[in-house]
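Here the structure comes first, spelled out in structure tokens, and everything after it is commentary.
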Amino acid sequence: MTLKRNVRSRFVRFIGKKLREDRTTLQVYSRDMSDLPSLVSIFFKNIPDGVILASSVEDIQTIYSIANETKTPITQRAAGTAGLGGSVTYNGGLVVDTKGFEQKFFFDPLEQTVTINPSYVFSDLQRELKLQGLSLCSYPSSYHSATIGGWIAHGGHGIGSAQYGGALEQIVELEVVLPTGHLVKYTERDHISLFVGSHGTLGTITEVTLRVKFDIPLKHQGCTFDSPEELVKGLGEIATTFPHSVWFLNPKHVESFNETFGYNLPNRYVAIISKEVSFEEEEMEFNRLFNNAIRNAGGQILDRRYTEDIWKFRFRSLSMLKHCSDYVVSEVILPIESSDKYIRKLISKFKGNIHLEGEFISPTHYALLIYVLSEEKMSSLKKTLLNLKLFKLSLKSKKVKGYPYSTGLWFSGFYGQIYGKDELRRYKEFKKSVDPKNISNPGKVLSPKFRFFPIVSLKFVVKLASRFML
Amino acid sequence: MIMSSLTDWHVDVLEYAQKCIYCGYCSLCPTYKELKWETNHPRGILEQIKLYFSEGTKENVKLEVSKTLFEAVFACTMCKACENICLVDIPLIKIWEQVRQESFKKGRWSPSMLSLYNKVKDTQNIFGLPPEERLIWAKLSGLVMTRRVKKKAPLAYFVGCQASYSGKMSEIAPSVVKILRKTKTNFTILGNDEWCCGSPIFLAGGYSVGKSFAKHNLDELKKLGVKRIVTACSGCYRAFKIVYPRVLGESWDFEVLHISELANELIQSGKLKLKKQIKEKVTFKDPCELVRHCGLIEAPRNVINSIPNVRFEELPSNKEEALCCGGGGLLKLNDSDLGNKVNSKLISEIKYSEADIVANGCPTCLDTIQAGVKKEGLDIEVIDIAELILRAMGEKK
């Protein structure tokens with residue numbers, strides 16, 4: 001127990017049994033999807049001092065009120081399925097688990113919107129919507145576990161974003177408890193955009209109204225390409241067919257796919273393109289556009305019997321990790337037209353032993369998941385070095401106008417690179433006005449001071465380490 | 001006879017815990033959805049296992065971890081939803097069973113768990129009732145079973161504790177017997193020599209007693225020259241299909257059938273004719289032990305769809321995605337309130353389906369769904385699939 005006695009007693013008095021401080025609970029809440037090596041504790045204190053399972057707006061308001069009085073850092077956590085440390089504490093404090101919220105589902109058939117609390121898991125929400133003949137516009141590949149709130153806080157892109165955009169394009173209204181304790185509802189895009197990708201640093205999302213759509217069946221097509229250059233050219237051509245989703249794998253990842261799911265796909269770049277199709281004529285038109293696009297790019301069309309099948313594994317691609325003992329992951333967003341050199345660089349840096357998986361997030365950009373797999377369990381030092389190497393390479397995407405997928409803890413300090421300088425300025429102003437004591441998820445989005453040497457920022461230390469330790 | 005030892009039964013829990021990639025897909029766990037603490041999340045339990053089972057973990061740390069760890073594994077319904085969705089194929093159910101064993105070794109079972117264990121050990125049934133009353137169901141339904149008890153036959157009907165003793169399940173065994181008689185199937189029952197299949201004991205983590213039960217049932221069935229076993233209990237079915245082969249090895253060489261499988265077979269061969277219409281809308285609740293543990297999906301559906309003009313509607317979550325009733329994994333014993341909460345989700349799906357009859361193939365599901373339906377004040381009949389078959393045969397109860 002490291003909460004100060006007076007702080008603890010304040011929380012216990014108002015929150016009661018929703019606060020836990022036992023060693024086991026703290027340990028369980030000390031990580032997200034990235035299994036960080038113990039050495040990274042040099043950079044941050046990921047074990048919280050307490051965990052609160054919040055279940056209502058009032059709980060969040062009470063937590064902020066006490067946190068402000070006692071200057072206790074609050075780190076919100078939803079499903080913890082991202083790997084950027086956004087839901088892990090930077091310097092201790094309290095983790096506030098928002099999964100405790102009671103499920104709320106209100107469907108407005110006239111407006112085609114759904115109002116839910118942010119702890120809803122995508123697959124659960126989609127199931128409810130399907131019963132009404134509707135569907136989510138876009139959703140992450142961690143569809144079976146990620147929550148709506150976590151997705152928004154993380155930046156919100158995914159399958160369907162090529163057609164419908166990301167979280168920002170789908171949010172109609174956002175209810176947030178600000179760090180001041182005020183409950184506010186935002187409907188203006190300017191305000192909502194501040195919260196998308198803010199990792200809870202501007203407040204805690206308590207309710208979301210999302211735009212939904214009719215449940216239109218998806219038709220899939222597949223193609224293969226020989227080289228990164230051909231792939232990038234192909235992706236550019238495919239973008240002209242207005243797809244719903246474009247998912248692609250590099251040859252190394254295709255190899256794992258074949259091994260995991262028992263396929264015999266060619267050892268090339270494989271892309272699966274999906275499009276919403278309501279009528280036969282639409283499907284014929286899609287097939288025509290697709291065939292032309294692939295012909296223009298010099299790719300080969302995959303036997304259609306396989307593509308429907310392959311799509312079934314869309315949400316199971318992490319299964320490929322079962323054949324390795326350890327892994328390191330990063331994710332960047334790249335522009336389609338200029339990313340071939342970056343892909344080549346990634347491959348050469350890891351001598352081909354790198355797994356890449358991309359998904360369109362707009363007609364011009366895609367998110368690229370980068371996995372480095374190891375057959376043996378890595379030592380803490382080796383894993384730290386590999387993490388730093390991947391960090392460095394992720395930053396190198398800037399050369400082709402790419403950027404990290406989100407900030408979180410690892411990429412704190414790169415908000416401007418992701419969202420632009422104007423947005424950064426607006427973000428900073430808003431942050432200052434609503435959270436002057438910096439208690440709402442400190443250490444994320446804006447780079448914190450390095451714990452052991454608070455003259456320099458964490459961003460500087462991690463960059464320095466990635467440059468000189470490798 | 002080659003039988004497995006406790007070591008064969010064990011899996012390397014620590015190695016598997018380290019394989020977890022923390023994707024969180026197992027968040028569909030029905031009890032985690034209610035309790036909501038990450039310590040009750042299957043991946044959170046694996047994190048605790050890493051702490052508890054790691055070499056060099058100090059005893060005081062183990063003791064502290066064990067409090068939440070044991071609580072979490074006993075709050076599990078063993079529905080296997082987590083294992084089925086696991087992306088890296090971690091055998092979570094085996095792991096939970098092993099942690100439950102560890103809890104037994106450390107003397108950390110709850111009093112209700114111990115009481116069940118002792119009852120089963122002493123009386124060979126889960127109710128602690130006299131073994132000589134195992135045939136009470138036959139007496140109460142007016143069936144004479146004397147000529148069937150311990151008779152040499154290729155097929156044995158394993159009645160199970162719940163259908164034998166529980167008044168709530170009194171229609172199951174007579175229905176099965178009537179189906180078998182009507183189709184002129186040569187069968188036997190073990191009568192008073194039928195022992196609990198051991199499923200609750202294995203689920204609780206008691207290995208050796210469970211094994212002795214398995215051995216007893218094996219010997220009794222072998223004596224009668226049985227080749228096939230039929231049961232209407234999904235717990236017994238799972239025990240025979242999955243647990244016994246692990247415990248008894250190759251000596252367990254029986255073909256195991258659920259009543260829906262046998263009925264489907266009899267329908268296909270023309271021996272069983274479902275001629276009476278059932279006008280009510282019917283739905284089927286897939287028991288976790290049938291669908292996720294044993295992969296039995298189509299047989300009950302084929303049987304129901306063979307009923308003339310049947311109005312069959314699937315529940316929104318069906319087949320491998322079926323919701324848990326909240327009664328499995330001994331949760332009813334450990335935390336009945338939690339079980340009821342889990343159950344309420346299933347009841348709302350049943351309500352949504354607007355079915356008049358909910359058929360299923362598991363006495364535990366039957367009991368919990370009946371209770372949930374009653375609590376909600378719904379006018380829905382909850383019956384075992386054997387009863388539904390009997391009705392469709394045009395037979396009186």
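In the structure tokens, the first chain shown is A, the next is B, and so on; residue numbers restart at 1 for each chain, and ligands run from 1 in the order shown.
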task = Compile the residues of chain A that lie within 10 Å of chain B, evaluated using only C-alpha atoms, and express the compilation as a ChimeraX atom specification.
result = /A:18,20,22-29,31-35,51-55,79-83,97-102,121,123-124,127-128,130-131,142-146,260,315-327,377
How would you write, as a short mmCIF file (atom, residue, chain, number, x, y, z; two decimals) with N, CA and C atoms, in the first residue's frame, the set of residues in segment 45-286 of chain B that DSSP gives as helix (DSSP H, G or I)?
data_model
loop_
_atom_site.label_atom_id
_atom_site.label_comp_id
_atom_site.auth_asym_id
_atom_site.auth_seq_id
_atom_site.Cartn_x
_atom_site.Cartn_y
_atom_site.Cartn_z
N ILE B 45 -6.70 -13.84 -14.42
CA ILE B 45 -6.45 -15.05 -13.62
C ILE B 45 -5.09 -15.64 -14.03
N LEU B 46 -4.81 -15.60 -15.33
CA LEU B 46 -3.51 -16.12 -15.80
C LEU B 46 -2.37 -15.27 -15.23
N GLU B 47 -2.58 -13.98 -15.10
CA GLU B 47 -1.56 -13.12 -14.49
C GLU B 47 -1.32 -13.55 -13.04
N GLN B 48 -2.41 -13.88 -12.36
CA GLN B 48 -2.27 -14.31 -10.96
C GLN B 48 -1.57 -15.66 -10.88
N ILE B 49 -1.87 -16.52 -11.88
CA ILE B 49 -1.21 -17.83 -11.91
C ILE B 49 0.30 -17.65 -12.06
N LYS B 50 0.68 -16.68 -12.89
CA LYS B 50 2.12 -16.40 -13.07
C LYS B 50 2.74 -16.04 -11.73
N LEU B 51 2.01 -15.24 -10.97
CA LEU B 51 2.55 -14.82 -9.67
C LEU B 51 2.61 -16.00 -8.70
N TYR B 52 1.54 -16.78 -8.70
CA TYR B 52 1.42 -17.84 -7.70
C TYR B 52 2.36 -19.01 -7.97
N PHE B 53 2.42 -19.44 -9.23
CA PHE B 53 3.16 -20.66 -9.55
C PHE B 53 4.63 -20.43 -9.92
N GLU B 59 6.17 -17.48 0.25
CA GLU B 59 4.91 -18.03 0.76
C GLU B 59 3.89 -16.94 1.10
N ASN B 60 4.38 -15.83 1.66
CA ASN B 60 3.43 -14.77 2.03
C ASN B 60 2.79 -14.15 0.80
N VAL B 61 3.57 -14.07 -0.29
CA VAL B 61 3.03 -13.54 -1.55
C VAL B 61 2.01 -14.54 -2.10
N LYS B 62 2.38 -15.83 -2.06
CA LYS B 62 1.47 -16.87 -2.55
C LYS B 62 0.14 -16.81 -1.81
N LEU B 63 0.25 -16.64 -0.50
CA LEU B 63 -0.96 -16.60 0.31
C LEU B 63 -1.84 -15.42 -0.10
N GLU B 64 -1.21 -14.30 -0.33
CA GLU B 64 -1.97 -13.11 -0.71
C GLU B 64 -2.62 -13.30 -2.09
N VAL B 65 -1.81 -13.83 -3.02
CA VAL B 65 -2.33 -14.03 -4.38
C VAL B 65 -3.47 -15.05 -4.36
N SER B 66 -3.28 -16.09 -3.53
CA SER B 66 -4.26 -17.18 -3.53
C SER B 66 -5.66 -16.70 -3.17
N LYS B 67 -5.74 -15.64 -2.37
CA LYS B 67 -7.07 -15.16 -1.97
C LYS B 67 -7.90 -14.79 -3.19
N THR B 68 -7.34 -13.98 -4.06
CA THR B 68 -8.10 -13.56 -5.24
C THR B 68 -8.11 -14.66 -6.31
N LEU B 69 -7.01 -15.38 -6.40
CA LEU B 69 -6.92 -16.42 -7.43
C LEU B 69 -7.96 -17.52 -7.22
N PHE B 70 -8.02 -18.06 -6.00
CA PHE B 70 -8.97 -19.14 -5.73
C PHE B 70 -10.41 -18.65 -5.84
N GLU B 71 -10.62 -17.43 -5.36
CA GLU B 71 -11.97 -16.86 -5.46
C GLU B 71 -12.38 -16.76 -6.93
N ALA B 72 -11.43 -16.32 -7.75
CA ALA B 72 -11.74 -16.13 -9.18
C ALA B 72 -12.02 -17.45 -9.88
N VAL B 73 -11.24 -18.50 -9.59
CA VAL B 73 -11.48 -19.76 -10.31
C VAL B 73 -12.76 -20.45 -9.84
N PHE B 74 -13.16 -20.17 -8.62
CA PHE B 74 -14.42 -20.77 -8.17
C PHE B 74 -15.62 -19.92 -8.59
N ALA B 81 -16.35 -20.64 -22.74
CA ALA B 81 -16.41 -19.59 -23.78
C ALA B 81 -15.02 -18.99 -23.96
N CYS B 82 -14.29 -18.83 -22.85
CA CYS B 82 -12.95 -18.23 -22.90
C CYS B 82 -11.99 -19.10 -23.71
N GLU B 83 -12.05 -20.40 -23.45
CA GLU B 83 -11.11 -21.31 -24.13
C GLU B 83 -11.43 -21.39 -25.62
N ASN B 84 -12.71 -21.37 -25.94
CA ASN B 84 -13.09 -21.47 -27.35
C ASN B 84 -12.66 -20.26 -28.16
N ILE B 85 -12.64 -19.11 -27.53
CA ILE B 85 -12.29 -17.90 -28.29
C ILE B 85 -10.79 -17.60 -28.20
N LEU B 92 -7.76 -23.42 -21.01
CA LEU B 92 -8.11 -22.70 -19.78
C LEU B 92 -8.89 -23.56 -18.78
N ILE B 93 -9.77 -24.41 -19.29
CA ILE B 93 -10.60 -25.21 -18.36
C ILE B 93 -9.70 -26.15 -17.54
N LYS B 94 -8.74 -26.77 -18.23
CA LYS B 94 -7.81 -27.67 -17.50
C LYS B 94 -7.03 -26.87 -16.46
N ILE B 95 -6.68 -25.66 -16.83
CA ILE B 95 -5.91 -24.81 -15.90
C ILE B 95 -6.77 -24.46 -14.69
N TRP B 96 -8.02 -24.07 -14.95
CA TRP B 96 -8.89 -23.72 -13.80
C TRP B 96 -9.08 -24.94 -12.89
N GLU B 97 -9.25 -26.13 -13.51
CA GLU B 97 -9.43 -27.35 -12.70
C GLU B 97 -8.21 -27.59 -11.82
N GLN B 98 -7.06 -27.32 -12.41
CA GLN B 98 -5.82 -27.56 -11.67
C GLN B 98 -5.65 -26.56 -10.51
N VAL B 99 -6.07 -25.34 -10.76
CA VAL B 99 -5.98 -24.35 -9.67
C VAL B 99 -6.98 -24.72 -8.57
N ARG B 100 -8.11 -25.26 -8.98
CA ARG B 100 -9.08 -25.71 -7.98
C ARG B 100 -8.49 -26.86 -7.15
N GLN B 101 -7.73 -27.72 -7.85
CA GLN B 101 -7.03 -28.81 -7.12
C GLN B 101 -6.05 -28.25 -6.11
N GLU B 102 -5.35 -27.22 -6.55
CA GLU B 102 -4.36 -26.59 -5.68
C GLU B 102 -5.07 -26.03 -4.43
N SER B 103 -6.24 -25.46 -4.67
CA SER B 103 -7.00 -24.91 -3.57
C SER B 103 -7.41 -26.01 -2.59
N PHE B 104 -7.78 -27.17 -3.16
CA PHE B 104 -8.15 -28.33 -2.31
C PHE B 104 -6.95 -28.76 -1.47
N LYS B 105 -5.78 -28.84 -2.15
CA LYS B 105 -4.55 -29.26 -1.45
C LYS B 105 -4.23 -28.33 -0.30
N PRO B 111 -16.91 -24.26 2.69
CA PRO B 111 -17.63 -25.32 3.39
C PRO B 111 -18.67 -26.00 2.50
N SER B 112 -19.34 -25.23 1.64
CA SER B 112 -20.37 -25.85 0.78
C SER B 112 -19.72 -26.81 -0.22
N MET B 113 -18.54 -26.46 -0.65
CA MET B 113 -17.81 -27.31 -1.59
C MET B 113 -17.40 -28.61 -0.91
N LEU B 114 -16.90 -28.47 0.30
CA LEU B 114 -16.49 -29.64 1.07
C LEU B 114 -17.68 -30.55 1.34
N SER B 115 -18.80 -29.91 1.65
CA SER B 115 -20.00 -30.68 1.96
C SER B 115 -20.42 -31.50 0.74
N LEU B 116 -20.38 -30.86 -0.45
CA LEU B 116 -20.74 -31.58 -1.67
C LEU B 116 -19.77 -32.76 -1.90
N TYR B 117 -18.51 -32.45 -1.70
CA TYR B 117 -17.46 -33.46 -1.90
C TYR B 117 -17.72 -34.68 -1.01
N ASN B 118 -18.02 -34.40 0.25
CA ASN B 118 -18.25 -35.50 1.19
C ASN B 118 -19.52 -36.28 0.86
N LYS B 119 -20.54 -35.54 0.44
CA LYS B 119 -21.79 -36.20 0.07
C LYS B 119 -21.56 -37.17 -1.08
N VAL B 120 -20.88 -36.68 -2.10
CA VAL B 120 -20.66 -37.51 -3.28
C VAL B 120 -19.78 -38.70 -2.92
N LYS B 121 -18.77 -38.43 -2.11
CA LYS B 121 -17.84 -39.49 -1.72
C LYS B 121 -18.56 -40.59 -0.94
N ASP B 122 -19.46 -40.15 -0.04
CA ASP B 122 -20.10 -41.12 0.84
C ASP B 122 -21.30 -41.83 0.21
N THR B 123 -22.04 -41.11 -0.60
CA THR B 123 -23.30 -41.70 -1.10
C THR B 123 -23.31 -41.91 -2.61
N PRO B 131 -28.03 -44.42 -1.72
CA PRO B 131 -27.78 -44.99 -3.06
C PRO B 131 -28.90 -45.96 -3.47
N GLU B 132 -29.51 -46.61 -2.48
CA GLU B 132 -30.56 -47.59 -2.83
C GLU B 132 -31.85 -46.92 -3.35
N GLU B 133 -31.86 -45.59 -3.29
CA GLU B 133 -33.05 -44.89 -3.81
C GLU B 133 -32.82 -44.35 -5.23
N ILE B 136 -35.76 -44.29 -7.65
CA ILE B 136 -36.99 -43.67 -7.16
C ILE B 136 -37.78 -43.03 -8.31
N TRP B 137 -37.07 -42.51 -9.30
CA TRP B 137 -37.74 -41.88 -10.45
C TRP B 137 -38.66 -42.85 -11.17
N ALA B 138 -38.22 -44.11 -11.25
CA ALA B 138 -39.02 -45.12 -11.95
C ALA B 138 -40.29 -45.42 -11.16
N LYS B 139 -40.09 -45.55 -9.84
CA LYS B 139 -41.25 -45.84 -8.98
C LYS B 139 -42.28 -44.73 -9.10
N LEU B 140 -41.80 -43.50 -9.00
CA LEU B 140 -42.71 -42.35 -9.01
C LEU B 140 -43.44 -42.20 -10.35
N SER B 141 -42.79 -42.64 -11.41
CA SER B 141 -43.45 -42.49 -12.72
C SER B 141 -44.19 -43.77 -13.12
N CYS B 161 -27.31 -38.27 -11.58
CA CYS B 161 -27.83 -37.97 -10.24
C CYS B 161 -29.09 -37.11 -10.30
N GLN B 162 -29.06 -36.08 -11.11
CA GLN B 162 -30.18 -35.13 -11.09
C GLN B 162 -31.47 -35.78 -11.58
N ALA B 163 -31.40 -36.51 -12.68
CA ALA B 163 -32.61 -37.16 -13.20
C ALA B 163 -33.06 -38.28 -12.28
N SER B 164 -32.14 -38.86 -11.52
CA SER B 164 -32.51 -39.96 -10.63
C SER B 164 -33.22 -39.46 -9.38
N TYR B 165 -32.69 -38.36 -8.81
CA TYR B 165 -33.18 -37.97 -7.49
C TYR B 165 -34.04 -36.70 -7.46
N GLY B 167 -36.79 -34.04 -7.92
CA GLY B 167 -38.20 -33.96 -8.30
C GLY B 167 -38.41 -33.06 -9.49
N LYS B 168 -37.57 -32.00 -9.59
CA LYS B 168 -37.71 -31.04 -10.69
C LYS B 168 -37.39 -31.69 -12.05
N MET B 169 -36.56 -32.72 -11.98
CA MET B 169 -36.12 -33.38 -13.22
C MET B 169 -36.86 -34.70 -13.44
N ILE B 172 -37.37 -36.38 -16.96
CA ILE B 172 -36.30 -36.69 -17.93
C ILE B 172 -36.11 -38.20 -18.12
N ALA B 173 -35.84 -38.90 -17.00
CA ALA B 173 -35.54 -40.32 -17.12
C ALA B 173 -36.72 -41.11 -17.70
N PRO B 174 -37.96 -40.89 -17.21
CA PRO B 174 -39.08 -41.64 -17.81
C PRO B 174 -39.21 -41.36 -19.31
N SER B 175 -38.94 -40.12 -19.71
CA SER B 175 -39.05 -39.79 -21.14
C SER B 175 -38.03 -40.59 -21.95
N VAL B 176 -36.80 -40.62 -21.45
CA VAL B 176 -35.75 -41.36 -22.18
C VAL B 176 -36.13 -42.84 -22.27
N VAL B 177 -36.58 -43.39 -21.15
CA VAL B 177 -36.93 -44.81 -21.12
C VAL B 177 -38.06 -45.10 -22.11
N LYS B 178 -39.05 -44.20 -22.16
CA LYS B 178 -40.17 -44.43 -23.08
C LYS B 178 -39.72 -44.34 -24.53
N ILE B 179 -38.81 -43.44 -24.80
CA ILE B 179 -38.28 -43.35 -26.18
C ILE B 179 -37.58 -44.66 -26.54
N LEU B 180 -36.78 -45.15 -25.62
CA LEU B 180 -36.02 -46.37 -25.88
C LEU B 180 -36.95 -47.57 -26.04
N ARG B 181 -37.95 -47.63 -25.19
CA ARG B 181 -38.88 -48.76 -25.27
C ARG B 181 -39.68 -48.71 -26.56
N LYS B 182 -40.17 -47.53 -26.88
CA LYS B 182 -41.01 -47.36 -28.07
C LYS B 182 -40.25 -47.71 -29.34
N GLY B 191 -28.92 -49.07 -12.34
CA GLY B 191 -29.71 -49.08 -11.10
C GLY B 191 -28.93 -48.53 -9.93
N ASN B 192 -28.99 -49.27 -8.82
CA ASN B 192 -28.32 -48.78 -7.61
C ASN B 192 -26.80 -48.79 -7.73
N ASP B 193 -26.31 -49.51 -8.73
CA ASP B 193 -24.86 -49.55 -8.93
C ASP B 193 -24.35 -48.42 -9.82
N SER B 199 -18.40 -35.86 -12.40
CA SER B 199 -18.18 -34.55 -13.02
C SER B 199 -18.03 -33.43 -11.97
N PRO B 200 -18.94 -33.36 -10.97
CA PRO B 200 -18.78 -32.28 -9.99
C PRO B 200 -17.48 -32.38 -9.21
N ILE B 201 -17.03 -33.61 -9.00
CA ILE B 201 -15.79 -33.81 -8.26
C ILE B 201 -14.60 -33.33 -9.09
N PHE B 202 -14.60 -33.70 -10.36
CA PHE B 202 -13.51 -33.26 -11.23
C PHE B 202 -13.53 -31.74 -11.36
N LEU B 203 -14.73 -31.20 -11.50
CA LEU B 203 -14.84 -29.74 -11.65
C LEU B 203 -14.36 -29.01 -10.39
N ALA B 204 -14.57 -29.66 -9.27
CA ALA B 204 -14.13 -29.03 -8.02
C ALA B 204 -12.63 -29.14 -7.83
N TYR B 207 -9.35 -35.08 -7.76
CA TYR B 207 -8.95 -36.00 -8.81
C TYR B 207 -9.15 -37.47 -8.42
N SER B 208 -8.60 -37.87 -7.26
CA SER B 208 -8.57 -39.30 -6.95
C SER B 208 -9.97 -39.87 -6.71
N VAL B 209 -10.83 -39.12 -6.04
CA VAL B 209 -12.19 -39.64 -5.81
C VAL B 209 -12.92 -39.73 -7.15
N GLY B 210 -12.75 -38.71 -7.95
CA GLY B 210 -13.37 -38.73 -9.28
C GLY B 210 -12.92 -39.94 -10.07
N LYS B 211 -11.64 -40.22 -9.96
CA LYS B 211 -11.08 -41.35 -10.71
C LYS B 211 -11.67 -42.68 -10.23
N SER B 212 -11.87 -42.80 -8.90
CA SER B 212 -12.44 -44.04 -8.39
C SER B 212 -13.88 -44.22 -8.88
N PHE B 213 -14.59 -43.11 -9.04
CA PHE B 213 -15.95 -43.18 -9.57
C PHE B 213 -15.93 -43.63 -11.02
N ALA B 214 -15.00 -43.07 -11.75
CA ALA B 214 -14.89 -43.42 -13.17
C ALA B 214 -14.59 -44.90 -13.31
N LYS B 215 -13.68 -45.36 -12.47
CA LYS B 215 -13.26 -46.77 -12.50
C LYS B 215 -14.45 -47.68 -12.18
N HIS B 216 -15.24 -47.29 -11.17
CA HIS B 216 -16.40 -48.09 -10.79
C HIS B 216 -17.39 -48.20 -11.96
N ASN B 217 -17.71 -47.04 -12.54
CA ASN B 217 -18.69 -47.05 -13.64
C ASN B 217 -18.18 -47.85 -14.82
N LEU B 218 -16.89 -47.74 -15.07
CA LEU B 218 -16.28 -48.50 -16.17
C LEU B 218 -16.47 -50.00 -15.93
N ASP B 219 -16.13 -50.45 -14.71
CA ASP B 219 -16.23 -51.88 -14.39
C ASP B 219 -17.66 -52.38 -14.53
N GLU B 220 -18.61 -51.60 -14.02
CA GLU B 220 -20.01 -52.02 -14.08
C GLU B 220 -20.49 -52.13 -15.52
N LEU B 221 -20.10 -51.16 -16.33
CA LEU B 221 -20.55 -51.17 -17.72
C LEU B 221 -19.91 -52.31 -18.50
N LYS B 222 -18.65 -52.59 -18.19
CA LYS B 222 -17.92 -53.68 -18.88
C LYS B 222 -18.59 -55.02 -18.58
N LYS B 223 -19.02 -55.17 -17.30
CA LYS B 223 -19.64 -56.44 -16.89
C LYS B 223 -20.87 -56.76 -17.74
N SER B 234 -25.89 -33.35 -19.71
CA SER B 234 -24.71 -32.87 -20.41
C SER B 234 -23.44 -32.98 -19.55
N GLY B 235 -23.62 -32.95 -18.23
CA GLY B 235 -22.47 -33.11 -17.32
C GLY B 235 -21.90 -34.51 -17.43
N CYS B 236 -22.81 -35.51 -17.40
CA CYS B 236 -22.36 -36.91 -17.53
C CYS B 236 -21.74 -37.11 -18.92
N TYR B 237 -22.38 -36.51 -19.94
CA TYR B 237 -21.92 -36.65 -21.32
C TYR B 237 -20.49 -36.13 -21.44
N ARG B 238 -20.25 -34.96 -20.87
CA ARG B 238 -18.91 -34.39 -20.94
C ARG B 238 -17.91 -35.27 -20.19
N ALA B 239 -18.35 -35.77 -19.01
CA ALA B 239 -17.46 -36.62 -18.22
C ALA B 239 -17.05 -37.84 -19.04
N PHE B 240 -18.04 -38.47 -19.70
CA PHE B 240 -17.75 -39.69 -20.47
C PHE B 240 -16.94 -39.39 -21.72
N LYS B 241 -17.23 -38.27 -22.34
CA LYS B 241 -16.57 -37.94 -23.61
C LYS B 241 -15.16 -37.41 -23.42
N ILE B 242 -14.98 -36.58 -22.39
CA ILE B 242 -13.71 -35.87 -22.26
C ILE B 242 -12.90 -36.29 -21.04
N VAL B 243 -13.58 -36.37 -19.89
CA VAL B 243 -12.83 -36.61 -18.65
C VAL B 243 -12.41 -38.08 -18.52
N TYR B 244 -13.33 -39.00 -18.74
CA TYR B 244 -13.00 -40.42 -18.56
C TYR B 244 -11.85 -40.87 -19.46
N PRO B 245 -11.86 -40.51 -20.75
CA PRO B 245 -10.71 -40.93 -21.56
C PRO B 245 -9.38 -40.39 -21.02
N ARG B 246 -9.42 -39.21 -20.43
CA ARG B 246 -8.18 -38.65 -19.85
C ARG B 246 -7.77 -39.43 -18.62
N VAL B 247 -8.80 -39.85 -17.84
CA VAL B 247 -8.50 -40.51 -16.57
C VAL B 247 -8.24 -42.00 -16.76
N LEU B 248 -9.06 -42.62 -17.61
CA LEU B 248 -8.98 -44.08 -17.72
C LEU B 248 -8.16 -44.56 -18.91
N GLY B 249 -7.82 -43.65 -19.77
CA GLY B 249 -7.02 -44.04 -20.93
C GLY B 249 -7.82 -44.88 -21.90
N GLU B 250 -7.12 -45.82 -22.56
CA GLU B 250 -7.75 -46.59 -23.63
C GLU B 250 -8.82 -47.56 -23.14
N SER B 251 -8.77 -47.86 -21.83
CA SER B 251 -9.76 -48.81 -21.32
C SER B 251 -11.19 -48.27 -21.46
N ILE B 259 -28.86 -38.06 -25.64
CA ILE B 259 -30.16 -38.56 -26.08
C ILE B 259 -30.56 -37.93 -27.42
N SER B 260 -30.14 -36.69 -27.64
CA SER B 260 -30.50 -36.05 -28.92
C SER B 260 -29.78 -36.73 -30.08
N GLU B 261 -28.56 -37.19 -29.83
CA GLU B 261 -27.82 -37.90 -30.89
C GLU B 261 -28.48 -39.24 -31.20
N LEU B 262 -28.85 -39.95 -30.13
CA LEU B 262 -29.48 -41.26 -30.34
C LEU B 262 -30.82 -41.08 -31.04
N ALA B 263 -31.59 -40.07 -30.60
CA ALA B 263 -32.90 -39.83 -31.22
C ALA B 263 -32.71 -39.48 -32.69
N ASN B 264 -31.71 -38.68 -32.98
CA ASN B 264 -31.44 -38.30 -34.38
C ASN B 264 -31.13 -39.54 -35.20
N GLU B 265 -30.33 -40.43 -34.62
CA GLU B 265 -29.96 -41.68 -35.30
C GLU B 265 -31.21 -42.53 -35.55
N LEU B 266 -32.06 -42.61 -34.52
CA LEU B 266 -33.27 -43.43 -34.64
C LEU B 266 -34.24 -42.83 -35.67
N ILE B 267 -34.28 -41.51 -35.74
CA ILE B 267 -35.14 -40.85 -36.74
C ILE B 267 -34.62 -41.17 -38.14
N GLN B 268 -33.30 -41.05 -38.28
CA GLN B 268 -32.69 -41.32 -39.60
C GLN B 268 -32.97 -42.75 -40.06
#
request  = Compile the contact shell of Glu376 of chain B as a list of chain:residue names: residues with an atom at most 12 Å away, counting only C-alpha atoms, same-chain residues fewer than 3 positions apart removed.
outcome  =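 Counting only C-alpha atoms, the residues come to B:Asn340, B:Asn343, B:Ser344, B:Lys345, B:Leu346, B:Ile347, B:Ser348, B:Ile350, B:Lys351, B:Ile369, B:Gln370, B:Ala371, B:Gly372, B:Val373, B:Asp379, B:Ile380.
The coordinates place atom CA of Glu255 of chain A at 12.1 Å from atom CA of Gly352 of chain A.
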request  = In Å, rounded to a single decimal, give me how far atom CA of His365 of chain A is from atom CA of Pro140 of chain A.
outcome  =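 Interatomic distance here is 15.5 Å.
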